[in-house]
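S.K.: So here's entry06.txt (compact mmCIF, C-alpha atoms and all ligand atoms).
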```txt
# COMPACT_ATOMS: atom_id res chain seq x y z
CA MET H 1 81.61 86.90 129.72
CA ASN H 2 84.15 89.71 130.21
CA GLU H 3 87.79 88.98 129.45
CA PRO H 4 89.84 88.65 132.65
CA LEU H 5 92.07 91.63 133.41
CA VAL H 6 94.79 89.18 134.37
CA LYS H 7 95.16 85.89 132.51
CA ALA H 8 96.59 82.84 134.26
CA GLU H 9 98.31 79.74 132.86
CA VAL H 10 100.26 77.00 134.59
CA HIS H 11 103.46 75.61 133.05
CA GLY H 12 104.72 72.73 135.19
CA ARG H 13 105.44 74.26 138.62
CA VAL H 14 105.30 77.83 137.25
CA ALA H 15 102.26 80.12 137.18
CA LEU H 16 102.31 82.68 134.37
CA LEU H 17 100.15 85.76 134.97
CA THR H 18 99.58 88.17 132.08
CA LEU H 19 98.16 91.66 132.56
CA ASN H 20 95.36 91.97 130.07
CA ARG H 21 94.15 95.55 129.41
CA PRO H 22 96.05 95.97 126.15
CA LYS H 23 93.94 98.87 124.83
CA ALA H 24 94.92 100.96 127.86
CA LEU H 25 98.53 99.73 127.86
CA ASN H 26 97.68 97.66 130.93
CA ALA H 27 96.89 100.74 133.04
CA LEU H 28 96.36 99.56 136.60
CA ASN H 29 93.01 100.10 138.27
CA ASN H 30 91.48 98.70 141.44
CA GLU H 31 89.69 95.93 139.50
CA LEU H 32 92.88 94.70 137.84
CA ILE H 33 94.75 94.77 141.14
CA ALA H 34 91.94 92.79 142.80
CA GLU H 35 92.23 90.09 140.10
CA LEU H 36 96.02 90.06 140.37
CA TYR H 37 95.83 89.82 144.15
CA ALA H 38 93.37 86.90 144.00
CA LEU H 39 95.56 84.96 141.55
CA LEU H 40 98.76 85.59 143.50
CA LYS H 41 96.99 84.49 146.67
CA LYS H 42 95.84 81.29 144.97
CA TYR H 43 99.23 80.35 143.51
CA ASP H 44 101.16 81.44 146.59
CA ALA H 45 99.15 78.89 148.58
CA ASP H 46 99.43 76.12 145.95
CA ASN H 47 102.11 73.55 146.83
CA GLU H 48 102.35 72.53 143.18
CA ILE H 49 103.61 76.00 142.24
CA GLY H 50 107.20 77.04 142.96
CA CYS H 51 107.52 80.36 141.14
CA ILE H 52 105.33 82.99 139.44
CA VAL H 53 106.04 85.05 136.32
CA LEU H 54 104.19 88.34 135.85
CA THR H 55 104.19 89.87 132.39
CA GLY H 56 102.33 92.25 130.07
CA ASN H 57 102.44 92.42 126.30
CA GLU H 58 105.05 93.54 123.80
CA LYS H 59 103.98 97.19 123.92
CA ALA H 60 103.57 97.55 127.68
CA PHE H 61 104.14 95.76 130.94
CA ALA H 62 101.95 98.52 132.41
CA ALA H 63 101.89 102.26 131.61
CA GLY H 64 100.96 103.20 135.16
CA ALA H 65 97.94 103.66 137.32
CA ASP H 66 94.76 104.41 135.39
CA ILE H 67 94.85 108.18 134.91
CA GLY H 68 91.27 108.24 133.63
CA ALA H 69 90.04 106.64 136.86
CA MET H 70 92.07 109.02 139.07
CA LYS H 71 91.64 112.31 137.27
CA ASP H 72 88.60 113.64 139.14
CA TRP H 73 89.42 112.27 142.58
CA ASN H 74 89.99 114.74 145.38
CA TYR H 75 91.99 114.30 148.55
CA HIS H 76 89.04 112.81 150.42
CA ASP H 77 88.42 110.24 147.63
CA VAL H 78 91.98 108.92 147.69
CA SER H 79 92.51 109.08 151.42
CA SER H 80 89.14 107.58 152.40
CA GLN H 81 89.69 104.53 150.15
CA ASP H 82 93.38 104.51 151.23
CA TYR H 83 94.22 104.39 147.53
CA LEU H 84 97.29 102.19 146.90
CA GLY H 85 96.93 100.63 150.36
CA GLY H 86 94.84 97.49 150.91
CA GLN H 87 95.37 94.83 148.23
CA TRP H 88 97.85 97.02 146.34
CA GLU H 89 100.09 97.15 149.40
CA GLU H 90 99.46 93.48 150.24
CA LEU H 91 100.90 92.39 146.87
CA ARG H 92 104.36 92.57 148.40
CA ARG H 93 103.62 90.04 151.10
CA PHE H 94 103.49 86.89 148.96
CA ARG H 95 106.19 84.36 149.77
CA LYS H 96 106.79 82.61 146.46
CA PRO H 97 109.25 84.32 144.12
CA ILE H 98 107.68 86.53 141.47
CA ILE H 99 109.66 87.40 138.34
CA ALA H 100 108.57 90.44 136.33
CA ALA H 101 109.06 89.88 132.59
CA VAL H 102 108.95 93.39 131.15
CA ALA H 103 108.64 94.41 127.51
CA GLY H 104 107.70 97.92 126.37
CA TYR H 105 106.54 100.50 128.88
CA ALA H 106 106.86 100.03 132.63
CA LEU H 107 105.89 103.51 133.79
CA GLY H 108 104.64 104.96 137.05
CA GLY H 109 102.66 102.27 138.84
CA GLY H 110 103.85 99.81 136.18
CA CYS H 111 107.48 100.39 137.08
CA GLU H 112 106.51 100.19 140.75
CA LEU H 113 104.66 96.90 140.18
CA ALA H 114 107.74 95.47 138.42
CA MET H 115 109.96 96.61 141.32
CA LEU H 116 107.63 94.97 143.80
CA CYS H 117 108.45 91.64 142.14
CA ASP H 118 111.59 89.80 143.25
CA PHE H 119 113.56 90.51 140.11
CA ILE H 120 113.00 91.93 136.66
CA ILE H 121 113.98 90.35 133.36
CA ALA H 122 113.71 92.98 130.64
CA ALA H 123 113.24 92.72 126.91
CA ASP H 124 115.53 95.02 124.92
CA SER H 125 112.37 97.02 124.13
CA ALA H 126 111.66 97.83 127.79
CA ARG H 127 111.31 101.45 128.97
CA PHE H 128 111.21 102.28 132.66
CA GLY H 129 110.18 105.55 134.24
CA GLN H 130 108.34 107.36 137.02
CA PRO H 131 106.58 110.16 135.09
CA GLU H 132 104.04 111.01 137.80
CA ILE H 133 105.54 114.46 138.31
CA LYS H 134 104.25 115.42 134.85
CA LEU H 135 100.73 114.75 136.18
CA GLY H 136 101.23 116.95 139.23
CA VAL H 137 101.70 114.03 141.61
CA ILE H 138 104.54 111.77 142.75
CA PRO H 139 105.06 108.00 142.71
CA GLY H 140 102.70 106.52 145.29
CA PHE H 141 103.20 102.77 145.01
CA GLY H 142 106.78 102.47 146.25
CA GLY H 143 108.68 104.38 143.55
CA THR H 144 110.35 106.91 145.82
CA GLN H 145 111.49 104.08 148.12
CA ARG H 146 112.29 101.09 145.89
CA LEU H 147 113.86 102.97 142.98
CA PRO H 148 116.65 104.58 145.06
CA ARG H 149 117.32 101.22 146.71
CA ALA H 150 117.64 99.65 143.24
CA VAL H 151 119.53 102.32 141.29
CA GLY H 152 120.91 104.72 143.93
CA LYS H 153 119.81 108.22 144.89
CA ALA H 154 121.28 110.14 141.94
CA LYS H 155 119.57 108.16 139.21
CA ALA H 156 116.33 107.82 141.18
CA MET H 157 116.16 111.60 141.69
CA ASP H 158 116.97 112.17 138.00
CA LEU H 159 114.19 109.80 136.86
CA ILE H 160 111.56 110.95 139.36
CA LEU H 161 112.21 114.69 139.03
CA THR H 162 112.65 114.88 135.24
CA ALA H 163 110.17 112.09 134.36
CA ARG H 164 112.57 110.80 131.72
CA MET H 165 112.43 107.16 130.66
CA MET H 166 115.37 104.79 130.86
CA ASN H 167 115.94 102.05 128.31
CA ALA H 168 116.70 98.42 129.08
CA GLU H 169 120.44 98.83 128.74
CA GLU H 170 120.56 101.71 131.24
CA ALA H 171 118.21 99.80 133.54
CA GLU H 172 120.54 96.81 133.57
CA ARG H 173 123.64 98.98 134.02
CA SER H 174 122.05 100.68 137.01
CA GLY H 175 120.87 97.50 138.70
CA LEU H 176 117.11 97.79 138.19
CA VAL H 177 116.91 94.66 136.06
CA SER H 178 118.81 91.41 136.39
CA ARG H 179 119.18 90.69 132.66
CA VAL H 180 118.18 92.00 129.25
CA VAL H 181 117.11 89.60 126.51
CA PRO H 182 115.83 89.97 122.94
CA ALA H 183 112.13 90.83 122.99
CA ASP H 184 111.14 87.62 121.21
CA LYS H 185 112.94 85.54 123.86
CA LEU H 186 111.52 87.34 126.91
CA LEU H 187 108.85 84.87 127.93
CA GLU H 188 111.03 81.86 127.23
CA GLU H 189 113.87 83.28 129.39
CA ALA H 190 111.52 84.22 132.21
CA LEU H 191 109.78 80.84 132.18
CA ASP H 192 113.17 79.07 132.07
CA ALA H 193 114.37 81.05 135.09
CA ALA H 194 111.11 80.32 136.91
CA THR H 195 111.38 76.61 136.05
CA VAL H 196 114.89 76.49 137.51
CA ILE H 197 113.70 78.21 140.69
CA SER H 198 110.68 75.95 141.00
CA SER H 199 112.91 72.86 140.71
CA MET H 200 114.75 73.90 143.90
CA SER H 201 113.63 72.91 147.37
CA LEU H 202 110.66 75.15 148.15
CA PRO H 203 111.56 75.78 151.83
CA SER H 204 115.01 77.03 150.84
CA VAL H 205 113.54 79.20 148.06
CA LEU H 206 111.08 80.82 150.50
CA MET H 207 113.80 81.40 153.08
CA ALA H 208 116.24 82.81 150.52
CA LYS H 209 113.60 85.34 149.42
CA GLU H 210 112.83 86.34 153.01
CA CYS H 211 116.50 86.72 153.85
CA VAL H 212 117.34 88.86 150.81
CA ASN H 213 114.34 91.08 151.53
CA ARG H 214 115.49 91.39 155.15
CA ALA H 215 118.68 93.02 153.84
CA PHE H 216 116.57 96.06 152.95
CA GLU H 217 114.67 96.19 156.21
CA SER H 218 117.17 95.61 158.99
CA SER H 219 120.67 96.37 160.22
CA LEU H 220 123.46 94.13 158.94
CA GLU H 221 123.76 92.58 162.40
CA GLU H 222 120.08 91.63 162.51
CA GLY H 223 120.05 90.51 158.89
CA LEU H 224 123.04 88.22 159.41
CA LEU H 225 121.43 86.64 162.45
CA PHE H 226 118.14 86.20 160.57
CA GLU H 227 120.04 84.52 157.74
CA ARG H 228 122.02 82.23 160.05
CA ARG H 229 118.98 81.08 162.02
CA ASN H 230 117.11 80.32 158.79
CA PHE H 231 120.15 78.49 157.47
CA HIS H 232 120.12 76.37 160.64
CA GLY H 233 116.40 75.75 160.24
CA LEU H 234 116.84 74.26 156.77
CA PHE H 235 118.77 71.36 158.33
CA ALA H 236 115.41 70.19 159.65
CA THR H 237 114.12 69.58 156.11
CA ASP H 238 114.13 66.37 154.07
CA ASP H 239 115.35 68.41 151.12
CA GLN H 240 118.61 69.40 152.83
CA LYS H 241 119.36 65.68 153.34
CA GLU H 242 118.45 64.90 149.75
CA GLY H 243 120.34 67.87 148.27
CA MET H 244 123.58 67.13 150.09
CA ARG H 245 123.37 63.34 149.68
CA ALA H 246 122.70 63.72 145.96
CA PHE H 247 125.81 65.88 145.62
CA VAL H 248 127.97 63.31 147.42
CA GLU H 249 126.43 60.46 145.38
CA LYS H 250 126.98 62.46 142.15
CA ARG H 251 123.32 62.43 141.09
CA LYS H 252 120.54 65.00 140.63
CA PRO H 253 118.52 65.72 143.79
CA GLU H 254 114.87 64.79 143.93
CA PHE H 255 113.37 67.37 146.21
CA LYS H 256 110.14 66.67 148.05
CA HIS H 257 109.76 70.41 148.74
CA ARG H 258 109.56 69.84 152.48
C1 LIG K 1 95.05 105.29 131.51
C2 LIG K 1 96.37 105.01 129.66
C3 LIG K 1 97.55 105.12 130.45
C4 LIG K 1 97.38 105.29 131.85
C5 LIG K 1 98.13 104.84 128.40
N1 LIG K 1 96.78 104.84 128.41
N2 LIG K 1 98.62 105.00 129.63
N3 LIG K 1 95.14 105.11 130.19
N4 LIG K 1 96.11 105.39 132.33
N5 LIG K 1 98.42 105.38 132.70
C6 LIG K 1 95.89 104.70 127.25
C7 LIG K 1 95.83 105.96 126.41
O1 LIG K 1 94.95 106.89 126.95
C8 LIG K 1 95.35 105.39 125.10
O2 LIG K 1 93.96 105.19 125.16
C9 LIG K 1 96.01 104.04 125.04
O3 LIG K 1 96.37 103.71 126.39
C10 LIG K 1 97.29 104.06 124.22
O4 LIG K 1 98.13 105.08 124.70
P1 LIG K 1 98.77 106.21 123.76
O5 LIG K 1 99.14 107.35 124.63
O6 LIG K 1 97.89 106.50 122.59
O7 LIG K 1 100.06 105.43 123.23
P2 LIG K 1 101.47 106.05 122.82
O8 LIG K 1 101.28 107.29 122.00
O9 LIG K 1 102.24 104.92 122.22
O10 LIG K 1 102.17 106.50 124.18
C11 LIG K 1 102.50 105.54 125.14
C12 LIG K 1 102.84 106.21 126.54
C13 LIG K 1 101.68 107.15 126.92
C14 LIG K 1 104.15 107.04 126.37
C15 LIG K 1 103.09 105.12 127.53
O11 LIG K 1 100.45 106.39 126.84
C16 LIG K 1 101.79 107.69 128.32
O12 LIG K 1 102.55 108.64 128.54
N6 LIG K 1 101.00 107.15 129.25
C17 LIG K 1 100.93 107.64 130.59
C18 LIG K 1 102.14 107.24 131.37
C19 LIG K 1 102.09 107.77 132.80
O13 LIG K 1 102.01 108.99 133.01
N7 LIG K 1 102.07 106.88 133.81
C20 LIG K 1 101.98 107.26 135.18
C21 LIG K 1 100.55 107.23 135.59
S1 LIG K 1 100.34 107.81 137.25
P3 LIG K 1 92.98 105.65 123.96
O14 LIG K 1 91.60 105.31 124.50
O15 LIG K 1 93.21 107.10 123.74
O16 LIG K 1 93.39 104.78 122.81
C22 LIG K 1 100.78 106.52 138.18
C23 LIG K 1 100.63 106.74 139.65
C24 LIG K 1 101.52 105.79 140.36
O17 LIG K 1 101.15 105.48 137.76
C25 LIG K 1 101.05 105.42 141.68
C26 LIG K 1 100.10 104.31 141.72
C27 LIG K 1 100.26 103.04 141.00
```
Just dump the structure as structure tokens.
M.R.:
Amino acid sequence: MNEPLVKAEVHGRVALLTLNRPKALNALNNELIAELYALLKKYDADNEIGCIVLTGNEKAFAAGADIGAMKDWNYHDVSSQDYLGGQWEELRRFRKPIIAAVAGYALGGGCELAMLCDFIIAADSARFGQPEIKLGVIPGFGGTQRLPRAVGKAKAMDLILTARMMNAEEAERSGLVSRVVPADKLLEEALDAATVISSMSLPSVLMAKECVNRAFESSLEEGLLFERRNFHGLFATDDQKEGMRAFVEKRKPEFKHR
């Protein structure tokens, strides 16, 4: 039997997904994305899972879209299959939080896949970049849109136009990653963060993610109203009662995730 292109393990309420094309530095092709999509769909729908961690290996999170697969395509080939649409595009619609745990290269589509996650924890070995311009193309999986939102226009233009890579320290300084940790602690830190998230009340986790994402897709006025209405809605949950009662009674909450 062929090795899966994405391996899955469950740790408590956390699903750990590992990109598994090490010989090609986890280059992304349609088959890998289909496997990733199927696993995310499964765990997103699983009430026993509260958070997902997506990682690669120590050399690469992913070195981009598979150049070998793309090299002979013409305009008709990419446009007729709506390359980077379909399941690629749908990856951003999952509701459970997804943490990218990045070591080594996160380039091109790999950087874009990491940015599509809810936040990035980087190993000190991580290298981020959008080198597509060296191949005569441009980022096509969100790089020209998400990178400027994450790091600002100046740095995004610099990275996309020069194709230079940025190290973990620069990535943290510019807001692309939430924290940098020693490479040998990466998985432990990411799983710890995911375990904390998955111990929270699931309805509030889902709403927090939706509200933060709304900040990038609406006016402040609309975003504030969206936040306030969702905040009101959480008072209909058992977990709000439990969370607030537990605080008053000076004990740990026991969330039912509903
Ligand atoms: C296919 C890739 C690949 C990729 C690496 N490999 N990146 N195969 N697509 N994107 C393969 C190599 O061909 C090689 O296979 C093996 O992985 C190891 O890579 P090396 O180059 O030998 O390793 P190294 O010398 O350490 O250099 C690492 C690297 C370099 C700096 C990351 O591999 C590199 O520049 N890769 C391409 C990065 C890139 O341009 N990404 C953007 C892709 S376009 P063999 O068989 O020779 O051992 C893109 C479009 C975005 O992402 C839009 C859609 C997602």
S.K.: Residues near Lys134 of chain H, anyone? I mean within 12 Å using all atoms listed in the file, not counting same-chain ones fewer than 6 positions away, as an MDAnalysis selection string.
M.R.: chainID H and resid 67 108 159:164
S.K.: Taking all atoms listed in the file into account, name the residue in H:Asn167, H:Gln145, H:Thr55, H:Asn74 that is nearest to Ala114 of chain H.
M.R.: H:Thr55
S.K.: Which residues sit within 6 Å of ligand LIG 1 (chain K), counting all atoms listed in the file, listed as a list in words?
M.R.: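 The neighbouring residues of ligand LIG 1 (chain K) are, in order, Lys23, Ala24, Leu25, Ala27, Ala63, Gly64, Ala65, Asp66, Ile67, Gly68, Tyr105, Leu107, Gly108, Gly109, Pro131, Glu132, Pro139, Gly140 and Phe141 of chain H.
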S.K.: What's the separation between atom CA of Asp192 of chain H and atom CA of Ile99 of chain H, in Å to one decimal place?
M.R.: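 These two atoms are separated by 11.0 Å.
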S.K.: How many Å separate atom CA of Gly85 of chain H from atom CA of Tyr37 of chain H?
M.R.: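 Answer for the atom CA of Gly85 of chain H to atom CA of Tyr37 of chain H separation: 12.5 Å.
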S.K.: What separation in Å, quoted to one decimal, exists between atom CA of Glu112 of chain H and atom CA of Leu84 of chain H?
M.R.: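 Interatomic distance, atom CA of Glu112 of chain H to atom CA of Leu84 of chain H: 11.3 Å.
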S.K.: So which one's closest to Gly175 of chain H, H:Ala156, H:Val137, H:Leu113, H:Ala69? Using all atoms listed in the file, please.
M.R.: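 So, comparing all the options, the nearest one is H:Ala156.
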S.K.: In terms of the shortest atom-to-atom distance over only C-alpha atoms, which of H:Asn29, H:Glu9, H:Phe119, H:Leu135 is closest to Tyr83 of chain H?
M.R.: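 Among the listed residues, H:Asn29 lies closest to Tyr83 of chain H.
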S.K.: Which residue is closest to Leu17 of chain H? Choose from H:Gly86, H:Ala101, H:Ala208, H:Gln81 and count all atoms listed in the file.
M.R.: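 The closest residue to Leu17 of chain H is H:Ala101.
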S.K.: At a cut-off of 8 Å, using only C-alpha atoms, what residues contact segment 176-181 of chain H? Leave out same-chain residues fewer than 4 positions from it and give the result as a list in words.
M.R.: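 The residues satisfying every condition are Met115, Phe119, Ile120, Ile121, Ala122, Ala123, Asp124, Leu147, Ala150, Val151, Ala168, Glu169, Ala171, Glu172, Lys185, Leu186 and Glu189 of chain H.
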S.K.: Hey, can you spit out that residue selection with C-alpha atoms as a PDB file, in the coordinates of the input?
M.R.:
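Okay, again-v3.pdb is ready:
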```
ATOM      1  CA  MET H 115     109.960  96.610 141.320  1.00  0.00           C
ATOM      2  CA  PHE H 119     113.560  90.510 140.110  1.00  0.00           C
ATOM      3  CA  ILE H 120     113.000  91.930 136.660  1.00  0.00           C
ATOM      4  CA  ILE H 121     113.980  90.350 133.360  1.00  0.00           C
ATOM      5  CA  ALA H 122     113.710  92.980 130.640  1.00  0.00           C
ATOM      6  CA  ALA H 123     113.240  92.720 126.910  1.00  0.00           C
ATOM      7  CA  ASP H 124     115.530  95.020 124.920  1.00  0.00           C
ATOM      8  CA  LEU H 147     113.860 102.970 142.980  1.00  0.00           C
ATOM      9  CA  ALA H 150     117.640  99.650 143.240  1.00  0.00           C
ATOM     10  CA  VAL H 151     119.530 102.320 141.290  1.00  0.00           C
ATOM     11  CA  ALA H 168     116.700  98.420 129.080  1.00  0.00           C
ATOM     12  CA  GLU H 169     120.440  98.830 128.740  1.00  0.00           C
ATOM     13  CA  ALA H 171     118.210  99.800 133.540  1.00  0.00           C
ATOM     14  CA  GLU H 172     120.540  96.810 133.570  1.00  0.00           C
ATOM     15  CA  LYS H 185     112.940  85.540 123.860  1.00  0.00           C
ATOM     16  CA  LEU H 186     111.520  87.340 126.910  1.00  0.00           C
ATOM     17  CA  GLU H 189     113.870  83.280 129.390  1.00  0.00           C
TER      18      GLU H 189
END
```
S.K.: Considering only C-alpha atoms, state which residue in the set H:Lys7, H:Gln130, H:Phe231, H:Asp82 is at the smallest distance from Gly143 of chain H.
M.R.: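 Looking at the shortest contact to Gly143 of chain H, the residue is H:Gln130.
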S.K.: Could you tell me which of H:Ser219, H:Ser198, H:Ser204, H:Ser125 comes closest to Gly233 of chain H if we count all atoms listed in the file?
M.R.: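 The answer is H:Ser204, which sits nearest to Gly233 of chain H.
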S.K.: Regenerate segment 148-158 of chain H at the level of all heavy atoms and dump it as a PDB file, in the frame of the given file.
M.R.:
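As a result, rebuild_24.pdb now contains:
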```pdb
ATOM      1  N   PRO H 148     115.311 104.263 144.541  1.00  0.00           N
ATOM      2  CA  PRO H 148     116.650 104.580 145.060  1.00  0.00           C
ATOM      3  C   PRO H 148     117.384 103.363 145.621  1.00  0.00           C
ATOM      4  O   PRO H 148     118.596 103.267 145.499  1.00  0.00           O
ATOM      5  CB  PRO H 148     116.408 105.605 146.170  1.00  0.00           C
ATOM      6  CG  PRO H 148     114.967 105.836 146.245  1.00  0.00           C
ATOM      7  CD  PRO H 148     114.262 105.075 145.168  1.00  0.00           C
ATOM      8  N   ARG H 149     116.645 102.428 146.207  1.00  0.00           N
ATOM      9  CA  ARG H 149     117.320 101.220 146.710  1.00  0.00           C
ATOM     10  C   ARG H 149     117.884 100.410 145.545  1.00  0.00           C
ATOM     11  O   ARG H 149     118.895  99.749 145.672  1.00  0.00           O
ATOM     12  CB  ARG H 149     116.358 100.358 147.519  1.00  0.00           C
ATOM     13  CG  ARG H 149     116.123 100.873 148.939  1.00  0.00           C
ATOM     14  CD  ARG H 149     114.957 100.109 149.568  1.00  0.00           C
ATOM     15  NE  ARG H 149     114.840 100.292 151.005  1.00  0.00           N
ATOM     16  CZ  ARG H 149     114.259 101.325 151.607  1.00  0.00           C
ATOM     17  NH1 ARG H 149     113.786 102.337 150.902  1.00  0.00           N
ATOM     18  NH2 ARG H 149     114.161 101.376 152.923  1.00  0.00           N
ATOM     19  N   ALA H 150     117.193 100.444 144.393  1.00  0.00           N
ATOM     20  CA  ALA H 150     117.640  99.650 143.240  1.00  0.00           C
ATOM     21  C   ALA H 150     118.743 100.347 142.456  1.00  0.00           C
ATOM     22  O   ALA H 150     119.715  99.716 142.063  1.00  0.00           O
ATOM     23  CB  ALA H 150     116.449  99.355 142.318  1.00  0.00           C
ATOM     24  N   VAL H 151     118.612 101.656 142.231  1.00  0.00           N
ATOM     25  CA  VAL H 151     119.530 102.320 141.290  1.00  0.00           C
ATOM     26  C   VAL H 151     120.366 103.412 141.954  1.00  0.00           C
ATOM     27  O   VAL H 151     121.194 104.026 141.282  1.00  0.00           O
ATOM     28  CB  VAL H 151     118.774 102.921 140.080  1.00  0.00           C
ATOM     29  CG1 VAL H 151     117.952 101.865 139.368  1.00  0.00           C
ATOM     30  CG2 VAL H 151     117.879 104.104 140.492  1.00  0.00           C
ATOM     31  N   GLY H 152     120.173 103.649 143.258  1.00  0.00           N
ATOM     32  CA  GLY H 152     120.910 104.720 143.930  1.00  0.00           C
ATOM     33  C   GLY H 152     120.145 106.038 143.862  1.00  0.00           C
ATOM     34  O   GLY H 152     119.246 106.221 143.037  1.00  0.00           O
ATOM     35  N   LYS H 153     120.549 106.953 144.765  1.00  0.00           N
ATOM     36  CA  LYS H 153     119.810 108.220 144.890  1.00  0.00           C
ATOM     37  C   LYS H 153     119.906 109.091 143.647  1.00  0.00           C
ATOM     38  O   LYS H 153     118.911 109.665 143.198  1.00  0.00           O
ATOM     39  CB  LYS H 153     120.347 108.988 146.108  1.00  0.00           C
ATOM     40  CG  LYS H 153     119.695 110.335 146.304  1.00  0.00           C
ATOM     41  CD  LYS H 153     120.268 111.074 147.494  1.00  0.00           C
ATOM     42  CE  LYS H 153     119.824 112.524 147.459  1.00  0.00           C
ATOM     43  NZ  LYS H 153     120.407 113.329 148.533  1.00  0.00           N
ATOM     44  N   ALA H 154     121.090 109.193 143.052  1.00  0.00           N
ATOM     45  CA  ALA H 154     121.280 110.140 141.940  1.00  0.00           C
ATOM     46  C   ALA H 154     120.361 109.801 140.780  1.00  0.00           C
ATOM     47  O   ALA H 154     119.623 110.653 140.266  1.00  0.00           O
ATOM     48  CB  ALA H 154     122.746 110.140 141.497  1.00  0.00           C
ATOM     49  N   LYS H 155     120.377 108.536 140.375  1.00  0.00           N
ATOM     50  CA  LYS H 155     119.570 108.160 139.210  1.00  0.00           C
ATOM     51  C   LYS H 155     118.070 108.185 139.560  1.00  0.00           C
ATOM     52  O   LYS H 155     117.250 108.571 138.728  1.00  0.00           O
ATOM     53  CB  LYS H 155     119.995 106.794 138.681  1.00  0.00           C
ATOM     54  CG  LYS H 155     119.569 106.601 137.232  1.00  0.00           C
ATOM     55  CD  LYS H 155     120.109 105.329 136.609  1.00  0.00           C
ATOM     56  CE  LYS H 155     121.542 105.409 136.173  1.00  0.00           C
ATOM     57  NZ  LYS H 155     121.702 106.207 134.931  1.00  0.00           N
ATOM     58  N   ALA H 156     117.740 107.798 140.786  1.00  0.00           N
ATOM     59  CA  ALA H 156     116.330 107.820 141.180  1.00  0.00           C
ATOM     60  C   ALA H 156     115.795 109.260 141.161  1.00  0.00           C
ATOM     61  O   ALA H 156     114.706 109.534 140.644  1.00  0.00           O
ATOM     62  CB  ALA H 156     116.137 107.196 142.556  1.00  0.00           C
ATOM     63  N   MET H 157     116.571 110.184 141.702  1.00  0.00           N
ATOM     64  CA  MET H 157     116.160 111.600 141.690  1.00  0.00           C
ATOM     65  C   MET H 157     116.008 112.092 140.257  1.00  0.00           C
ATOM     66  O   MET H 157     115.025 112.766 139.925  1.00  0.00           O
ATOM     67  CB  MET H 157     117.217 112.459 142.396  1.00  0.00           C
ATOM     68  CG  MET H 157     117.138 112.402 143.892  1.00  0.00           C
ATOM     69  SD  MET H 157     115.715 113.324 144.507  1.00  0.00           S
ATOM     70  CE  MET H 157     116.088 113.321 146.262  1.00  0.00           C
ATOM     71  N   ASP H 158     116.990 111.767 139.415  1.00  0.00           N
ATOM     72  CA  ASP H 158     116.970 112.170 138.000  1.00  0.00           C
ATOM     73  C   ASP H 158     115.667 111.666 137.355  1.00  0.00           C
ATOM     74  O   ASP H 158     114.907 112.446 136.761  1.00  0.00           O
ATOM     75  CB  ASP H 158     118.231 111.562 137.352  1.00  0.00           C
ATOM     76  CG  ASP H 158     118.351 111.797 135.860  1.00  0.00           C
ATOM     77  OD1 ASP H 158     117.468 112.451 135.283  1.00  0.00           O
ATOM     78  OD2 ASP H 158     119.332 111.317 135.265  1.00  0.00           O
TER      79      ASP H 158
END
```
